[in-house]
>>> print(open('query22.cif').read())   # mmCIF, C-alpha atoms
data_upload
#
loop_
_atom_site.label_atom_id
_atom_site.label_comp_id
_atom_site.auth_asym_id
_atom_site.auth_seq_id
_atom_site.Cartn_x
_atom_site.Cartn_y
_atom_site.Cartn_z
CA GLY A 1 -18.29 8.07 -37.10
CA ALA A 2 -17.18 10.08 -40.09
CA VAL A 3 -15.82 13.50 -39.25
CA VAL A 4 -15.73 16.58 -41.44
CA SER A 5 -13.79 19.56 -40.15
CA GLN A 6 -14.51 23.07 -41.39
CA HIS A 7 -12.29 26.06 -40.70
CA PRO A 8 -12.63 28.82 -39.68
CA SER A 9 -15.84 28.60 -37.69
CA ARG A 10 -16.34 32.34 -37.82
CA VAL A 11 -14.81 35.15 -39.82
CA ILE A 12 -15.47 38.87 -39.82
CA CYS A 13 -13.83 40.99 -42.49
CA LYS A 14 -14.14 44.21 -44.42
CA SER A 15 -15.97 44.58 -47.69
CA GLY A 16 -13.76 43.82 -50.68
CA THR A 17 -11.72 41.16 -48.88
CA SER A 18 -11.43 37.61 -50.20
CA VAL A 19 -12.12 34.87 -47.68
CA LYS A 20 -11.07 31.21 -47.87
CA ILE A 21 -12.94 28.43 -46.05
CA GLU A 22 -11.46 24.96 -45.71
CA CYS A 23 -13.32 21.66 -45.50
CA ARG A 24 -11.49 18.48 -44.56
CA SER A 25 -12.64 14.88 -44.25
CA LEU A 26 -10.62 13.53 -41.34
CA ASP A 27 -11.18 9.80 -41.47
CA PHE A 28 -12.39 8.94 -44.96
CA GLN A 29 -11.65 9.76 -48.56
CA ALA A 30 -14.18 12.24 -49.89
CA THR A 31 -14.73 11.61 -53.56
CA THR A 32 -17.38 14.32 -53.61
CA MET A 33 -17.73 17.48 -51.56
CA PHE A 34 -20.62 19.92 -51.47
CA TRP A 35 -20.87 23.56 -50.47
CA TYR A 36 -24.08 25.01 -49.06
CA ARG A 37 -25.27 28.40 -47.94
CA GLN A 38 -27.86 28.86 -45.21
CA PHE A 39 -29.65 32.07 -44.23
CA PRO A 40 -31.23 32.42 -40.75
CA LYS A 41 -34.24 30.16 -40.22
CA GLN A 42 -34.01 28.83 -43.76
CA SER A 43 -33.02 25.57 -45.35
CA LEU A 44 -29.67 24.72 -46.85
CA MET A 45 -29.13 25.90 -50.41
CA LEU A 46 -26.67 23.90 -52.47
CA MET A 47 -24.12 26.14 -54.12
CA ALA A 48 -21.85 23.66 -55.86
CA THR A 49 -20.68 20.07 -56.08
CA SER A 50 -17.04 19.19 -56.51
CA ASN A 51 -15.26 15.96 -57.27
CA GLU A 52 -11.60 15.45 -56.53
CA GLY A 53 -9.46 16.61 -59.41
CA SER A 54 -12.39 18.02 -61.41
CA LYS A 55 -13.94 21.43 -61.84
CA ALA A 56 -16.86 22.16 -59.56
CA THR A 57 -20.43 22.07 -60.84
CA TYR A 58 -22.31 25.17 -59.75
CA GLU A 59 -26.04 25.43 -59.15
CA GLN A 60 -28.09 27.83 -61.20
CA GLY A 61 -27.68 31.40 -60.03
CA VAL A 62 -24.37 30.85 -58.21
CA GLU A 63 -21.52 32.94 -59.62
CA LYS A 64 -18.54 30.70 -60.25
CA ASP A 65 -16.17 33.66 -60.40
CA LYS A 66 -17.44 34.88 -57.04
CA PHE A 67 -17.31 31.55 -55.23
CA LEU A 68 -14.14 29.70 -56.20
CA ILE A 69 -14.05 26.04 -55.28
CA ASN A 70 -10.98 23.84 -55.29
CA HIS A 71 -11.01 20.10 -54.51
CA ALA A 72 -7.36 19.29 -54.87
CA SER A 73 -7.24 16.10 -52.81
CA LEU A 74 -9.52 13.39 -51.44
CA THR A 75 -9.55 15.05 -48.03
CA LEU A 76 -9.63 18.78 -48.74
CA SER A 77 -11.89 21.24 -50.52
CA THR A 78 -11.76 25.02 -50.26
CA LEU A 79 -14.32 27.73 -50.96
CA THR A 80 -13.00 31.23 -51.62
CA VAL A 81 -15.46 34.11 -51.54
CA THR A 82 -13.79 36.72 -53.72
CA SER A 83 -14.23 40.44 -53.11
CA ALA A 84 -16.84 39.75 -50.46
CA HIS A 85 -19.64 42.25 -49.85
CA PRO A 86 -22.22 42.51 -47.04
CA GLU A 87 -24.77 40.55 -49.07
CA ASP A 88 -22.36 37.58 -49.00
CA SER A 89 -22.72 37.38 -45.22
CA SER A 90 -24.20 33.99 -44.42
CA PHE A 91 -23.58 30.58 -42.86
CA TYR A 92 -21.54 28.42 -45.24
CA ILE A 93 -21.55 24.66 -44.71
CA CYS A 94 -19.58 21.96 -46.47
CA SER A 95 -20.29 18.26 -46.65
CA ALA A 96 -18.33 15.29 -47.90
CA ARG A 97 -19.10 11.77 -48.96
CA SER A 98 -17.20 8.73 -50.10
CA ALA A 99 -18.47 6.78 -53.11
CA GLY A 100 -21.89 5.36 -52.24
CA GLY A 101 -21.83 6.78 -48.72
CA PRO A 102 -24.01 9.37 -46.97
CA GLN A 103 -23.12 13.06 -46.77
CA HIS A 104 -21.34 14.15 -43.60
CA PHE A 105 -21.48 17.82 -42.75
CA GLY A 106 -19.01 20.21 -41.24
CA ASP A 107 -20.02 22.60 -38.48
CA GLY A 108 -20.25 25.58 -40.79
CA THR A 109 -18.53 28.95 -41.12
CA ARG A 110 -20.31 32.13 -40.07
CA LEU A 111 -19.16 34.81 -42.50
CA SER A 112 -19.84 38.44 -41.64
CA ILE A 113 -18.81 41.16 -44.08
CA LEU A 114 -18.73 44.68 -42.68
CA GLN B 115 -40.39 23.36 -58.96
CA GLN B 116 -40.63 22.47 -55.29
CA GLN B 117 -39.61 18.85 -55.17
CA VAL B 118 -39.78 18.34 -51.42
CA LYS B 119 -42.42 19.69 -49.05
CA GLN B 120 -41.85 19.36 -45.33
CA SER B 121 -44.43 19.96 -42.62
CA PRO B 122 -45.07 21.34 -40.13
CA GLN B 123 -42.84 24.41 -40.20
CA SER B 124 -42.64 24.37 -36.41
CA LEU B 125 -43.74 21.98 -33.70
CA ILE B 126 -44.05 22.29 -29.94
CA VAL B 127 -44.25 19.10 -27.90
CA GLN B 128 -44.24 18.37 -24.21
CA LYS B 129 -41.50 16.21 -22.75
CA GLY B 130 -42.41 12.56 -23.18
CA GLY B 131 -44.71 13.22 -26.12
CA ILE B 132 -44.43 12.06 -29.72
CA SER B 133 -43.08 14.39 -32.39
CA ILE B 134 -44.10 13.71 -35.99
CA ILE B 135 -42.62 15.47 -39.01
CA ASN B 136 -43.68 14.76 -42.57
CA CYS B 137 -42.00 14.99 -45.93
CA ALA B 138 -43.69 14.73 -49.33
CA TYR B 139 -41.70 14.43 -52.54
CA GLU B 140 -42.35 14.42 -56.27
CA ASN B 141 -39.25 12.88 -57.79
CA THR B 142 -39.81 9.13 -58.16
CA ALA B 143 -36.08 8.69 -58.84
CA PHE B 144 -35.28 9.31 -55.16
CA ASP B 145 -33.88 6.13 -53.63
CA TYR B 146 -32.52 7.22 -50.26
CA PHE B 147 -34.55 9.05 -47.63
CA PRO B 148 -32.63 10.58 -44.71
CA TRP B 149 -33.53 12.88 -41.88
CA TYR B 150 -30.96 15.37 -40.61
CA GLN B 151 -30.88 17.12 -37.25
CA GLN B 152 -29.36 20.58 -36.91
CA PHE B 153 -28.62 22.51 -33.73
CA PRO B 154 -28.11 26.30 -33.84
CA GLY B 155 -24.68 27.26 -35.16
CA LYS B 156 -23.87 23.71 -36.23
CA GLY B 157 -24.02 21.73 -39.44
CA PRO B 158 -26.71 19.09 -39.98
CA ALA B 159 -26.06 15.59 -38.66
CA LEU B 160 -27.53 12.43 -40.14
CA LEU B 161 -30.18 11.12 -37.75
CA ILE B 162 -31.74 8.17 -39.54
CA ALA B 163 -32.30 7.08 -43.13
CA ILE B 164 -34.33 4.52 -45.05
CA ARG B 165 -34.21 2.85 -48.45
CA PRO B 166 -37.46 2.37 -50.42
CA ASP B 167 -37.46 -1.41 -50.08
CA VAL B 168 -38.69 -1.20 -46.47
CA SER B 169 -41.67 0.65 -45.00
CA GLU B 170 -40.30 1.38 -41.55
CA LYS B 171 -36.99 1.67 -39.75
CA LYS B 172 -36.46 2.21 -36.05
CA GLU B 173 -33.34 3.34 -34.25
CA GLY B 174 -33.88 3.93 -30.56
CA ARG B 175 -36.53 6.62 -30.10
CA PHE B 176 -36.44 7.57 -33.79
CA THR B 177 -38.55 5.88 -36.46
CA ILE B 178 -38.93 6.55 -40.17
CA SER B 179 -42.16 5.49 -41.86
CA PHE B 180 -42.08 5.32 -45.65
CA ASN B 181 -45.05 5.24 -48.02
CA LYS B 182 -43.80 4.77 -51.56
CA SER B 183 -47.20 4.96 -53.27
CA ALA B 184 -48.03 8.24 -51.52
CA LYS B 185 -44.50 9.55 -52.03
CA GLN B 186 -44.24 10.48 -48.39
CA PHE B 187 -42.02 9.66 -45.46
CA SER B 188 -42.15 10.77 -41.87
CA LEU B 189 -39.99 11.01 -38.78
CA HIS B 190 -41.42 9.95 -35.43
CA ILE B 191 -39.62 10.86 -32.23
CA MET B 192 -40.94 8.87 -29.28
CA ASP B 193 -40.58 10.07 -25.69
CA SER B 194 -39.41 13.47 -26.92
CA GLN B 195 -36.81 15.18 -24.74
CA PRO B 196 -35.76 18.84 -24.38
CA GLY B 197 -32.42 17.82 -25.92
CA ASP B 198 -34.29 16.90 -29.10
CA SER B 199 -35.11 20.58 -29.62
CA ALA B 200 -33.50 21.36 -32.98
CA THR B 201 -34.32 21.89 -36.64
CA TYR B 202 -35.04 18.74 -38.63
CA PHE B 203 -34.64 18.40 -42.39
CA CYS B 204 -35.71 15.67 -44.75
CA ALA B 205 -33.29 15.47 -47.65
CA PRO B 206 -34.04 12.71 -50.14
CA ARG B 207 -31.42 11.70 -52.68
CA GLY B 208 -31.33 9.97 -56.03
CA GLY B 209 -31.81 10.43 -59.72
CA THR B 210 -28.63 12.47 -60.07
CA SER B 211 -24.96 11.69 -59.93
CA TYR B 212 -22.70 12.40 -56.98
CA GLY B 213 -25.38 11.94 -54.32
CA LYS B 214 -26.93 15.41 -54.28
CA LEU B 215 -29.50 15.89 -51.51
CA THR B 216 -32.75 17.82 -51.96
CA PHE B 217 -33.49 19.54 -48.65
CA GLY B 218 -36.94 20.20 -47.28
CA GLN B 219 -37.79 23.53 -45.72
CA GLY B 220 -37.04 22.38 -42.19
CA THR B 221 -39.09 21.90 -39.02
CA ILE B 222 -38.19 23.69 -35.82
CA LEU B 223 -38.97 21.33 -32.95
CA THR B 224 -39.28 22.65 -29.41
CA VAL B 225 -39.72 20.17 -26.59
CA HIS B 226 -40.89 21.75 -23.35
CA PRO B 227 -39.75 20.22 -20.06
#
>>> encode(input="query22.cif", output="structure tokens")
Amino acid sequence: GAVVSQHPSRVICKSGTSVKIECRSLDFQATTMFWYRQFPKQSLMLMATSNEGSKATYEQGVEKDKFLINHASLTLSTLTVTSAHPEDSSFYICSARSAGGPQHFGDGTRLSIL
Amino acid sequence: QQQVKQSPQSLIVQKGGISIINCAYENTAFDYFPWYQQFPGKGPALLIAIRPDVSEKKEGRFTISFNKSAKQFSLHIMDSQPGDSATYFCAPRGGTSYGKLTFGQGTILTVHP
């Protein structure tokens, strides 16, 4: 089946640091990738949608200057949390889909800001 | 506007029993109705999905029932096993470009041995 790899799986860093999370589709071309945020015992909240070669579309309330998304190729998207603070600590999950296909999710990145 | 309502919030079932989770939606533009399964510390995985042209789909122990007029669909897990213990999300899609999913609130299923 379709595989989406997310890296790193866990990161702990100091407040003020910028953190980059990678999302790769390993066996298909991902025309669209999505970034979600999930707090404990809650549902997934969509942060942004990105299409290869285009600027990401952010959901209402998500700061585009805080969460930088790059979708430079059909197999790679990155999310950079800039100047991270403790309130940015969360579980970040990416997903990818080919045209007309279902979304396939990565295993998430646990971000902890001290 | 809450477009998707999932119930129950949590469910405890004995091994071998039937687990039933429901999802009600408002957006009539939805045209794809999946259920995702998520284990702790992992991303969601597609479990089973249905299109609105059929009323039921079965894959092994998992069945989706779809009621278009009531705008509801449900997940039935037959012969529930402890390994089925996870969080389940309905996440219908449609009406927007790029295949954006609208996630329900989630149901924590616990299957006791």
>>> interface_residues(input="query22.cif", of="chain A", to="chain B", cutoff="10 Å", atoms="all atoms listed in the file", output="ChimeraX atom specification")
/A:4,6,9,31-34,38,40-46,48-51,91-95,97-110
>>> resolve_selection(input="query22.cif", expression="the PyMOL selection byres ((chain A and resi 79) around 8)", output="list in words")
Lys20, Ile21, Glu22, Trp35, Phe67, Leu68, Ile69, Asn70, Ser77, Thr78, Thr80 and Val81 of chain A
>>> atom_distance(input="query22.cif", atom1="CA of Ser112 in chain A", atom2="CA of Arg24 in chain A")
21.8 Å
>>> resolve_selection(input="query22.cif", expression="the PyMOL selection byres ((chain A and resi 72) around 6)", output="MDAnalysis selection string")
chainID A and resid 52:53 70:71 73
>>> residues_around(input="query22.cif", residues="range 173-184 of chain B", least_positions_apart="2", cutoff="10 Å", atoms="all atoms listed in the file", output="JSON, numbers by chain")
{"B": [132, 133, 134, 135, 136, 137, 138, 139, 140, 142, 147, 148, 149, 161, 162, 163, 164, 165, 166, 167, 168, 169, 170, 171, 186, 187, 188, 189, 190, 191, 192, 193, 194]}
>>> axis_aligned_box(input="query22.cif", around="range 197-207 of chain B", padding_each_side="5 Å", output="JSON")
{"center_x": -33.6, "center_y": 16.8, "center_z": -39.3, "size_x": 14.3, "size_y": 20.2, "size_z": 36.8}
>>> atom_distance(input="query22.cif", atom1="CA of Gln120 in chain B", atom2="CA of Phe144 in chain B")
15.5 Å
>>> atom_distance(input="query22.cif", atom1="CA of Gly130 in chain B", atom2="CA of Cys204 in chain B")
22.8 Å
>>> closest_residue(input="query22.cif", among="A:Leu74, A:Leu26, A:Ile113, A:Ala96", to="Arg10 in chain A", atoms="only C-alpha atoms")
A:Ile113
>>> closest_residue(input="query22.cif", among="A:Val3, A:Thr82, A:Met47, A:Val19", to="Val62 in chain A", atoms="all atoms listed in the file")
A:Met47
>>> build_atoms(input="query22.cif", residues="range 154-168 of chain B", atoms="N, CA and C atoms", output="tab-separated table (two decimals), in the frame of the given file")
chain	number	residue	atom	x	y	z
B	154	PRO	N	-28.54	24.94	-33.46
B	154	PRO	CA	-28.11	26.30	-33.84
B	154	PRO	C	-26.59	26.43	-33.91
B	155	GLY	N	-26.11	27.02	-35.00
B	155	GLY	CA	-24.68	27.26	-35.16
B	155	GLY	C	-23.88	26.04	-35.54
B	156	LYS	N	-24.56	24.95	-35.86
B	156	LYS	CA	-23.87	23.71	-36.23
B	156	LYS	C	-24.34	23.23	-37.60
B	157	GLY	N	-23.57	22.33	-38.20
B	157	GLY	CA	-24.02	21.73	-39.44
B	157	GLY	C	-25.01	20.61	-39.16
B	158	PRO	N	-25.76	20.19	-40.16
B	158	PRO	CA	-26.71	19.09	-39.98
B	158	PRO	C	-25.98	17.78	-39.71
B	159	ALA	N	-26.61	16.91	-38.94
B	159	ALA	CA	-26.06	15.59	-38.66
B	159	ALA	C	-27.09	14.54	-39.06
B	160	LEU	N	-26.63	13.50	-39.73
B	160	LEU	CA	-27.53	12.43	-40.14
B	160	LEU	C	-28.13	11.75	-38.92
B	161	LEU	N	-29.47	11.70	-38.90
B	161	LEU	CA	-30.18	11.12	-37.75
B	161	LEU	C	-30.59	9.68	-38.04
B	162	ILE	N	-31.25	9.49	-39.15
B	162	ILE	CA	-31.74	8.17	-39.54
B	162	ILE	C	-32.13	8.23	-41.02
B	163	ALA	N	-31.99	7.11	-41.70
B	163	ALA	CA	-32.30	7.08	-43.13
B	163	ALA	C	-32.92	5.74	-43.50
B	164	ILE	N	-33.65	5.75	-44.61
B	164	ILE	CA	-34.33	4.52	-45.05
B	164	ILE	C	-34.21	4.38	-46.56
B	165	ARG	N	-34.18	3.16	-47.01
B	165	ARG	CA	-34.21	2.85	-48.45
B	165	ARG	C	-35.64	2.47	-48.80
B	166	PRO	N	-36.05	2.58	-50.05
B	166	PRO	CA	-37.46	2.37	-50.42
B	166	PRO	C	-37.92	0.93	-50.40
B	167	ASP	N	-37.03	-0.02	-50.10
B	167	ASP	CA	-37.46	-1.41	-50.08
B	167	ASP	C	-38.06	-1.84	-48.74
B	168	VAL	N	-38.05	-0.93	-47.76
B	168	VAL	CA	-38.69	-1.20	-46.47
B	168	VAL	C	-39.66	-0.07	-46.16
